[in-house]
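Content type PDB, C-alpha atoms, from the file protein_17.pdb:
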ATOM      1  CA  MET U   1     159.829 249.044  21.366
ATOM      2  CA  GLY U   2     156.745 246.984  20.487
ATOM      3  CA  GLY U   3     154.966 248.331  23.577
ATOM      4  CA  SER U   4     155.637 251.900  22.541
ATOM      5  CA  VAL U   5     154.119 251.319  19.140
ATOM      6  CA  VAL U   6     151.046 249.787  20.722
ATOM      7  CA  ARG U   7     150.647 252.758  23.126
ATOM      8  CA  ALA U   8     151.019 255.269  20.266
ATOM      9  CA  ALA U   9     148.448 253.457  18.187
ATOM     10  CA  PHE U  10     146.085 253.377  21.155
ATOM     11  CA  ALA U  11     146.533 257.133  21.676
ATOM     12  CA  ILE U  12     145.765 257.885  18.050
ATOM     13  CA  VAL U  13     142.638 255.737  18.163
ATOM     14  CA  ALA U  14     141.546 257.403  21.395
ATOM     15  CA  LEU U  15     142.115 260.885  19.929
ATOM     16  CA  ALA U  16     140.105 259.999  16.869
ATOM     17  CA  ALA U  17     137.311 258.536  18.922
ATOM     18  CA  ALA U  18     137.100 261.461  21.366
ATOM     19  CA  PRO U  19     135.047 263.807  19.110
ATOM     20  CA  ALA U  20     132.615 261.010  18.330
ATOM     21  CA  MET U  21     132.171 260.213  21.983
ATOM     22  CA  ALA U  22     131.759 263.871  22.934
ATOM     23  CA  ARG U  23     129.288 264.592  20.126
ATOM     24  CA  ALA U  24     126.652 262.385  21.720
ATOM     25  CA  ASP U  25     126.327 264.497  24.882
ATOM     26  CA  ALA U  26     127.837 267.860  23.753
ATOM     27  CA  ALA U  27     125.797 270.915  24.838
ATOM     28  CA  GLU U  28     125.245 273.840  22.520
ATOM     29  CA  ALA U  29     127.331 276.846  23.627
ATOM     30  CA  VAL U  30     126.393 280.483  23.047
ATOM     31  CA  ILE U  31     129.060 282.795  21.632
ATOM     32  CA  LEU U  32     129.319 285.951  23.735
ATOM     33  CA  ARG U  33     132.059 287.749  21.833
ATOM     34  CA  VAL U  34     134.814 286.988  19.330
ATOM     35  CA  GLU U  35     138.175 288.725  19.079
ATOM     36  CA  TYR U  36     140.884 288.220  16.481
ATOM     37  CA  ASP U  37     144.635 288.517  16.733
ATOM     38  CA  PRO U  38     145.737 290.393  14.717
ATOM     39  CA  PRO U  39     142.562 292.482  14.356
ATOM     40  CA  THR U  40     143.219 292.830  10.621
ATOM     41  CA  PHE U  41     144.588 289.908   8.667
ATOM     42  CA  TYR U  42     145.028 289.039   5.007
ATOM     43  CA  PRO U  43     144.736 285.916   2.862
ATOM     44  CA  GLY U  44     147.466 283.391   3.677
ATOM     45  CA  GLN U  45     148.193 284.954   7.062
ATOM     46  CA  ALA U  46     147.720 282.804  10.181
ATOM     47  CA  ALA U  47     145.414 284.373  12.776
ATOM     48  CA  LEU U  48     143.916 283.486  16.162
ATOM     49  CA  ALA U  49     140.219 283.655  17.028
ATOM     50  CA  TYR U  50     139.277 284.037  20.702
ATOM     51  CA  ALA U  51     135.589 283.139  21.243
ATOM     52  CA  THR U  52     134.194 283.656  24.747
ATOM     53  CA  LEU U  53     131.383 281.123  25.287
ATOM     54  CA  ASP U  54     128.377 280.782  27.579
ATOM     55  CA  PRO U  55     128.003 277.064  28.399
ATOM     56  CA  GLY U  56     124.777 277.527  30.281
ATOM     57  CA  THR U  57     124.316 274.698  32.793
ATOM     58  CA  ALA U  58     126.282 272.191  30.775
ATOM     59  CA  SER U  59     129.432 270.682  32.200
ATOM     60  CA  TRP U  60     132.605 271.085  30.179
ATOM     61  CA  GLY U  61     136.331 270.770  30.478
ATOM     62  CA  GLU U  62     139.481 272.073  28.848
ATOM     63  CA  ALA U  63     140.421 270.211  25.706
ATOM     64  CA  VAL U  64     142.726 270.331  22.715
ATOM     65  CA  LEU U  65     141.523 269.248  19.298
ATOM     66  CA  ALA U  66     143.772 268.633  16.293
ATOM     67  CA  VAL U  67     141.494 269.064  13.296
ATOM     68  CA  VAL U  68     141.822 268.168   9.653
ATOM     69  CA  PRO U  69     141.872 271.238   7.311
ATOM     70  CA  GLY U  70     138.358 271.843   6.136
ATOM     71  CA  ARG U  71     136.397 274.123   3.817
ATOM     72  CA  GLU U  72     134.306 277.126   4.819
ATOM     73  CA  ASP U  73     131.364 274.860   5.520
ATOM     74  CA  GLY U  74     133.520 272.753   7.824
ATOM     75  CA  ALA U  75     133.722 269.759   5.512
ATOM     76  CA  ALA U  76     137.003 267.937   5.348
ATOM     77  CA  GLY U  77     139.174 268.114   2.291
ATOM     78  CA  GLY U  78     138.543 265.700  -0.537
ATOM     79  CA  ALA U  79     139.702 262.138  -0.316
ATOM     80  CA  GLU U  80     143.035 261.162  -1.685
ATOM     81  CA  GLY U  81     142.844 261.053  -5.437
ATOM     82  CA  ASP U  82     139.702 263.230  -5.638
ATOM     83  CA  ASP U  83     140.492 265.610  -8.489
ATOM     84  CA  GLU U  84     137.367 267.732  -7.950
ATOM     85  CA  ALA U  85     138.318 268.793  -4.396
ATOM     86  CA  GLY U  86     139.750 272.360  -4.399
ATOM     87  CA  PRO U  87     141.817 274.104  -1.755
ATOM     88  CA  PRO U  88     139.971 275.132   1.444
ATOM     89  CA  GLU U  89     138.846 278.758   1.806
ATOM     90  CA  VAL U  90     139.636 278.517   5.532
ATOM     91  CA  GLU U  91     142.293 276.176   6.879
ATOM     92  CA  VAL U  92     141.961 275.419  10.604
ATOM     93  CA  LEU U  93     145.347 274.586  12.077
ATOM     94  CA  SER U  94     144.400 273.892  15.710
ATOM     95  CA  ALA U  95     141.729 274.519  18.310
ATOM     96  CA  ARG U  96     141.615 274.335  22.102
ATOM     97  CA  LEU U  97     139.154 275.114  24.854
ATOM     98  CA  GLU U  98     140.515 276.952  27.890
ATOM     99  CA  ARG U  99     139.079 278.285  31.128
ATOM    100  CA  ARG U 100     139.608 282.013  31.600
ATOM    101  CA  GLY U 101     137.919 283.832  34.475
ATOM    102  CA  GLY U 102     135.608 280.880  34.991
ATOM    103  CA  GLN U 103     134.324 281.002  31.411
ATOM    104  CA  PRO U 104     135.231 278.777  28.473
ATOM    105  CA  VAL U 105     137.252 280.434  25.733
ATOM    106  CA  LEU U 106     137.686 278.713  22.370
ATOM    107  CA  ILE U 107     141.021 279.539  20.728
ATOM    108  CA  VAL U 108     141.238 278.631  17.045
ATOM    109  CA  ARG U 109     144.336 279.103  14.917
ATOM    110  CA  PHE U 110     143.361 279.358  11.264
ATOM    111  CA  VAL U 111     144.500 280.632   7.862
ATOM    112  CA  PRO U 112     142.045 282.315   5.471
ATOM    113  CA  TRP U 113     142.847 281.818   1.792
ATOM    114  CA  SER U 114     140.477 284.370   0.244
ATOM    115  CA  ALA U 115     139.529 287.949   1.050
ATOM    116  CA  GLY U 116     136.077 288.948   2.243
ATOM    117  CA  ARG U 117     133.633 287.454   4.704
ATOM    118  CA  GLY U 118     134.429 283.913   5.875
ATOM    119  CA  ARG U 119     133.462 281.328   8.448
ATOM    120  CA  ILE U 120     135.455 279.062  10.718
ATOM    121  CA  PRO U 121     133.688 275.692  10.755
ATOM    122  CA  GLY U 122     131.775 274.754  13.886
ATOM    123  CA  MET U 123     133.316 272.122  16.164
ATOM    124  CA  GLU U 124     132.758 270.109  19.353
ATOM    125  CA  LEU U 125     135.307 269.744  22.109
ATOM    126  CA  GLY U 126     135.380 269.628  25.890
ATOM    127  CA  GLY U 127     131.705 268.748  26.009
ATOM    128  CA  LEU U 128     130.565 271.889  24.137
ATOM    129  CA  ALA U 129     129.294 272.274  20.606
ATOM    130  CA  VAL U 130     130.520 275.618  19.225
ATOM    131  CA  PRO U 131     128.882 277.085  16.099
ATOM    132  CA  GLY U 132     130.943 278.541  13.250
ATOM    133  CA  LEU U 133     132.774 281.820  13.777
ATOM    134  CA  ARG U 134     132.290 284.606  11.234
ATOM    135  CA  PHE U 135     135.209 286.833  10.264
ATOM    136  CA  ASP U 136     136.232 289.460   7.698
ATOM    137  CA  CYS U 137     139.497 288.922   5.848
ATOM    138  CA  ALA U 138     140.995 292.123   4.470
ATOM    139  CA  SER U 139     142.296 292.338   0.935
ATOM    140  CA  ALA U 140     146.038 292.706   0.539
ATOM    141  CA  LEU U 141     145.439 295.231  -2.231
ATOM    142  CA  THR U 142     143.752 297.703   0.133
ATOM    143  CA  SER U 143     146.796 297.645   2.402
ATOM    144  CA  LEU U 144     149.013 298.968  -0.345
ATOM    145  CA  SER U 145     149.676 302.673  -0.139
ATOM    146  CA  PRO U 146     148.970 304.695  -3.273
ATOM    147  CA  PRO U 147     151.985 305.306  -5.472
ATOM    148  CA  VAL U 148     153.922 308.411  -4.569
ATOM    149  CA  PRO U 149     154.744 310.592  -7.565
ATOM    150  CA  MET U 150     158.453 310.938  -8.056
ATOM    151  CA  PRO U 151     159.986 314.279  -9.008
ATOM    152  CA  GLN U 152     160.959 314.754 -12.613
ATOM    153  CA  LEU U 153     164.495 313.668 -13.331
ATOM    154  CA  GLU U 154     166.868 316.381 -14.470
ATOM    155  CA  PRO U 155     169.077 315.824 -17.486
ATOM    156  CA  PRO U 156     172.760 315.701 -16.603
ATOM    157  CA  GLY U 157     174.270 319.166 -16.279
ATOM    158  CA  LEU U 158     170.905 320.953 -16.569
ATOM    159  CA  ARG U 159     171.475 323.312 -13.650
ATOM    160  CA  LEU U 160     174.947 324.251 -14.839
ATOM    161  CA  ARG U 161     173.594 325.073 -18.281
ATOM    162  CA  LEU U 162     170.802 327.148 -16.751
ATOM    163  CA  TYR U 163     173.273 329.074 -14.618
ATOM    164  CA  LEU U 164     175.505 329.712 -17.619
ATOM    165  CA  ALA U 165     172.571 330.804 -19.758
ATOM    166  CA  GLY U 166     171.378 333.159 -17.017
ATOM    167  CA  GLY U 167     174.881 334.603 -16.701
ATOM    168  CA  VAL U 168     175.122 335.162 -20.452
ATOM    169  CA  VAL U 169     171.750 336.922 -20.489
ATOM    170  CA  LEU U 170     172.768 339.117 -17.543
ATOM    171  CA  VAL U 171     176.077 340.078 -19.165
ATOM    172  CA  ALA U 172     174.319 340.814 -22.462
ATOM    173  CA  LEU U 173     171.832 343.026 -20.614
ATOM    174  CA  LEU U 174     174.606 344.957 -18.878
ATOM    175  CA  VAL U 175     176.502 345.396 -22.137
ATOM    176  CA  GLY U 176     173.335 346.584 -23.831
ATOM    177  CA  LEU U 177     172.643 349.132 -21.105
ATOM    178  CA  ALA U 178     176.212 350.417 -21.228
ATOM    179  CA  ALA U 179     176.042 350.705 -25.008
ATOM    180  CA  ALA U 180     172.722 352.538 -24.758
ATOM    181  CA  PHE U 181     174.175 355.069 -22.295
ATOM    182  CA  ARG U 182     177.232 355.593 -24.466
ATOM    183  CA  ALA U 183     175.139 355.898 -27.611
ATOM    184  CA  ALA U 184     172.574 358.264 -26.098
ATOM    185  CA  PRO U 185     174.451 361.487 -27.105
ATOM    186  CA  TRP U 186     175.070 360.113 -30.586
ATOM    187  CA  ILE U 187     171.420 359.165 -30.948
ATOM    188  CA  GLY U 188     170.413 362.617 -29.705
ATOM    189  CA  ALA U 189     172.681 364.238 -32.284
ATOM    190  CA  ILE U 190     171.147 362.141 -35.054
ATOM    191  CA  LYS U 191     167.642 363.134 -33.960
ATOM    192  CA  ALA U 192     168.691 366.788 -33.863
ATOM    193  CA  ARG U 193     170.070 366.592 -37.416
ATOM    194  CA  TRP U 194     166.902 364.911 -38.638
ATOM    195  CA  ALA U 195     164.811 367.656 -37.008
ATOM    196  CA  ALA U 196     167.053 370.365 -38.529
ATOM    197  CA  ALA U 197     166.776 368.785 -41.975
ATOM    198  CA  ARG U 198     162.992 368.592 -41.695
ATOM    199  CA  ASN U 199     162.848 372.228 -40.529
ATOM    200  CA  ARG U 200     164.979 373.338 -43.482
ATOM    201  CA  ARG U 201     162.755 371.481 -45.973
ATOM    202  CA  GLU U 202     159.676 373.142 -44.528
ATOM    203  CA  PHE U 203     161.393 376.544 -44.713
ATOM    204  CA  ASP U 204     162.431 376.024 -48.358
ATOM    205  CA  ASP U 205     158.876 374.962 -49.258
ATOM    206  CA  ILE U 206     157.558 378.214 -47.795
ATOM    207  CA  LEU U 207     160.163 380.272 -49.692
ATOM    208  CA  ASP U 208     159.223 378.496 -52.944
ATOM    209  CA  SER U 209     155.541 379.318 -52.464
ATOM    210  CA  ILE U 210     155.988 382.982 -51.456
ATOM    211  CA  GLY U 211     156.257 384.249 -55.066
ATOM    212  CA  SER U 212     152.753 382.943 -55.808
ATOM    213  CA  LEU U 213     151.087 384.678 -52.866
ATOM    214  CA  LYS U 214     148.892 387.711 -53.628
ATOM    215  CA  PRO U 215     148.870 390.473 -52.647
ATOM    216  CA  GLU U 216     152.529 391.198 -52.092
ATOM    217  CA  THR U 217     151.934 392.295 -48.499
ATOM    218  CA  ALA U 218     150.703 388.784 -47.702
ATOM    219  CA  ALA U 219     153.867 387.359 -49.259
ATOM    220  CA  TRP U 220     156.024 389.678 -47.125
ATOM    221  CA  ALA U 221     154.067 388.628 -43.995
ATOM    222  CA  ALA U 222     154.572 384.944 -44.762
ATOM    223  CA  LEU U 223     158.307 385.508 -45.387
ATOM    224  CA  CYS U 224     158.818 387.407 -42.120
ATOM    225  CA  ALA U 225     156.897 384.778 -40.131
ATOM    226  CA  ALA U 226     158.919 381.976 -41.733
ATOM    227  CA  VAL U 227     162.221 383.686 -40.941
ATOM    228  CA  ARG U 228     161.264 384.299 -37.296
ATOM    229  CA  ARG U 229     160.103 380.686 -36.883
ATOM    230  CA  PHE U 230     163.128 379.130 -38.613
ATOM    231  CA  VAL U 231     165.653 381.155 -36.578
ATOM    232  CA  GLY U 232     163.768 380.432 -33.355
ATOM    233  CA  ILE U 233     163.773 376.647 -33.942
ATOM    234  CA  ARG U 234     167.426 376.556 -34.924
ATOM    235  CA  THR U 235     168.811 378.810 -32.189
ATOM    236  CA  GLY U 236     166.217 378.639 -29.427
ATOM    237  CA  VAL U 237     165.826 382.464 -29.517
ATOM    238  CA  ASP U 238     162.217 383.611 -29.680
ATOM    239  CA  TRP U 239     161.937 386.450 -32.218
ATOM    240  CA  SER U 240     158.152 386.275 -32.512
ATOM    241  CA  ALA U 241     157.558 389.328 -30.281
ATOM    242  CA  MET U 242     160.658 391.363 -31.339
ATOM    243  CA  THR U 243     160.787 394.089 -33.953
ATOM    244  CA  ALA U 244     163.491 394.269 -36.577
ATOM    245  CA  SER U 245     165.313 397.079 -34.768
ATOM    246  CA  GLU U 246     165.204 395.136 -31.491
ATOM    247  CA  ILE U 247     166.681 392.098 -33.245
ATOM    248  CA  ALA U 248     169.463 394.206 -34.804
ATOM    249  CA  LEU U 249     170.358 395.658 -31.390
ATOM    250  CA  SER U 250     170.172 392.335 -29.504
ATOM    251  CA  PRO U 251     173.384 390.655 -28.304
ATOM    252  CA  GLU U 252     174.951 388.142 -30.644
ATOM    253  CA  GLY U 253     174.301 385.119 -28.436
ATOM    254  CA  PRO U 254     173.488 381.902 -30.318
ATOM    255  CA  VAL U 255     172.787 383.840 -33.534
ATOM    256  CA  PRO U 256     176.041 384.944 -35.201
ATOM    257  CA  GLY U 257     176.296 388.676 -35.839
ATOM    258  CA  PRO U 258     176.199 388.604 -39.669
ATOM    259  CA  THR U 259     173.302 386.192 -39.638
ATOM    260  CA  ARG U 260     171.422 388.337 -37.113
ATOM    261  CA  ASP U 261     171.941 391.471 -39.141
ATOM    262  CA  ALA U 262     170.848 389.805 -42.389
ATOM    263  CA  ALA U 263     167.702 388.435 -40.779
ATOM    264  CA  ALA U 264     166.969 391.848 -39.203
ATOM    265  CA  ALA U 265     167.298 393.487 -42.642
ATOM    266  CA  ILE U 266     164.775 391.067 -44.141
ATOM    267  CA  LEU U 267     162.328 391.740 -41.326
ATOM    268  CA  SER U 268     162.841 395.515 -41.636
ATOM    269  CA  SER U 269     162.094 395.404 -45.399
ATOM    270  CA  GLY U 270     159.002 393.343 -44.707
ATOM    271  CA  ASP U 271     157.708 395.816 -42.133
ATOM    272  CA  ALA U 272     158.339 398.722 -44.503
ATOM    273  CA  ALA U 273     156.567 396.956 -47.356
ATOM    274  CA  ARG U 274     153.533 395.951 -45.285
ATOM    275  CA  PHE U 275     152.992 399.095 -43.263
ATOM    276  CA  ALA U 276     154.540 401.890 -45.371
ATOM    277  CA  GLY U 277     154.511 400.454 -48.876
ATOM    278  CA  LEU U 278     158.240 401.167 -49.195
ATOM    279  CA  ALA U 279     160.640 398.199 -49.113
ATOM    280  CA  ASP U 280     164.425 398.458 -49.024
ATOM    281  CA  ALA U 281     164.672 395.377 -51.293
ATOM    282  CA  SER U 282     162.458 393.460 -53.663
ATOM    283  CA  LEU U 283     160.574 390.377 -52.534
ATOM    284  CA  ALA U 284     162.735 388.127 -54.697
ATOM    285  CA  ASP U 285     165.948 389.547 -53.206
ATOM    286  CA  ALA U 286     164.508 389.073 -49.701
ATOM    287  CA  VAL U 287     163.784 385.383 -50.520
ATOM    288  CA  VAL U 288     167.392 384.923 -51.689
ATOM    289  CA  ALA U 289     168.679 386.642 -48.519
ATOM    290  CA  ALA U 290     166.462 384.365 -46.403
ATOM    291  CA  ARG U 291     167.979 381.262 -48.042
ATOM    292  CA  ALA U 292     171.461 382.661 -47.305
ATOM    293  CA  VAL U 293     170.491 383.117 -43.642
ATOM    294  CA  ALA U 294     169.299 379.494 -43.523
ATOM    295  CA  ASP U 295     172.543 378.282 -45.141
ATOM    296  CA  ARG U 296     174.687 380.088 -42.565
ATOM    297  CA  LEU U 297     172.632 378.618 -39.700
ATOM    298  CA  ASP U 298     173.000 375.126 -41.237
ATOM    299  CA  GLU U 299     176.775 375.566 -41.434
ATOM    300  CA  ALA U 300     176.901 376.807 -37.851
ATOM    301  CA  GLY U 301     174.896 373.758 -36.735
ATOM    302  CA  ARG U 302     177.234 371.321 -38.527
ATOM    303  CA  ALA U 303     180.344 372.883 -37.029
ATOM    304  CA  PRO U 304     181.828 370.816 -34.129
TER     305      PRO U 304
END

In structure tokens, write the structure found in this file.
Amino acid sequence: MGGSVVRAAFAIVALAAAPAMARADAAEAVILRVEYDPPTFYPGQAALAYATLDPGTASWGEAVLAVVPGREDGAAGGAEGDDEAGPPEVEVLSARLERRGGQPVLIVRFVPWSAGRGRIPGMELGGLAVPGLRFDCASALTSLSPPVPMPQLEPPGLRLRLYLAGGVVLVALLVGLAAAFRAAPWIGAIKARWAAARNRREFDDILDSIGSLKPETAAWAALCAAVRRFVGIRTGVDWSAMTASEIALSPEGPVPGPTRDAAAAILSSGDAARFAGLADASLADAVVAARAVADRLDEAGRAP
């Protein structure tokens, strides 16, 4: 067991002395290209650097170097108990020099501890002095995908309430349309009664103003025109181009017989007064007869 301890101690001493012995005759190597695995790495993530070297005419050999974690400038960490020494920006875990395709390739396993541009410290092994390797460490924040907007949450039962509300509106619309169709005749009857009442008021206003018209022939002309217009609006029969005798001989139709005869008598008296100066009745009696004609037409319009 004592021999094993002695051999282990000798190996450690030899390993520690190897860099010092190689540094005296190490040749400066030229870096041809550097590749990283993975190509993109982040702080705290272990990565591998593959540096293809050009040794020139110097002799070299494969070697493995266990290094002490150092800072970006390649200096070793602070001594034990040194409170001012901070954590390394680049921690080198291992390094080895291999022969690939007849060329030396330096393989360094390292861990960057900060984002941005960094540098692996230079080192000597296998008879070659390799300068520091530059790298770019990506930020972990840039690797995060932007937040995806989430759809707005629906209150519980919202769709059911919307469907019910839409159904209520649709039913109300259908009921309203049905009521409008059913009420259309009633509304038309109301409009007809309003129009008849307005027509009767206009007719009465004309009859009230006839007594003040001068000369009397003008009053008779206004009375005859008012009677023709009133009967035409109420019954739909156009008497504007008919003489009194033609009206008296016309079929009863929408104008009841007694009403037709009374209106024809008024028109006949008006024609006699205007064109012959001889009237069958006085102007006042003709106004009273015209009101009676209007009353009978009103009663006929109110009858079912």

### Query
Closest to Glu98 (chain U) among U:Ala63, U:Ala26, U:Met123, U:Ala286, using all atoms listed in the file?
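Closest residue, counting all atoms listed in the file: U:Ala63.
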
### Query
Pick from U:Asp208, U:Glu124, U:Glu202, U:Glu35: nearest to Val288 (chain U), with only C-alpha atoms counted?
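Smallest separation from Val288 (chain U) among the options: U:Asp208.
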
Take every atom of region 133-139 of chain U listed in the file, fit an axis-aligned box around them, add 3 Å per side, and give the centre and edge lengths in Å to one decimal as AutoDock Vina command-line options.
--center_x 137.3 --center_y 287.1 --center_z 7.4 --size_x 16.0 --size_y 16.5 --size_z 18.8

### Residues near Ala218 (chain U), cut-off 12 Å, all atoms listed in the file, skip fewer than 6 positions along chain, as an MDAnalysis selection string
chainID U and resid 209:212 224:225 270:271 273:275 283

When the PyMOL selection byres ((chain U and resi 61) around 9) is applied to the structure above, which residues does it catch, written out as a compact mmCIF listing (two decimals) with C-alpha atoms, in the coordinates of the input?
# COMPACT_ATOMS: atom_id res chain seq x y z
CA SER U 59 129.43 270.68 32.20
CA TRP U 60 132.60 271.08 30.18
CA GLU U 62 139.48 272.07 28.85
CA ALA U 63 140.42 270.21 25.71
CA LEU U 97 139.15 275.11 24.85
CA GLU U 98 140.51 276.95 27.89
CA ARG U 99 139.08 278.29 31.13
CA PRO U 104 135.23 278.78 28.47
CA LEU U 125 135.31 269.74 22.11
CA GLY U 126 135.38 269.63 25.89
CA GLY U 127 131.71 268.75 26.01
CA LEU U 128 130.56 271.89 24.14

### Message
I'd like the contact shell of region 229-240 of chain U - 7 Å cut-off, all atoms listed in the file, skipping same-chain residues fewer than 6 positions apart - returned as a list in words.
### Response
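After dropping sequence-adjacent residues, the list is Phe203, Pro254 and Val255 of chain U.
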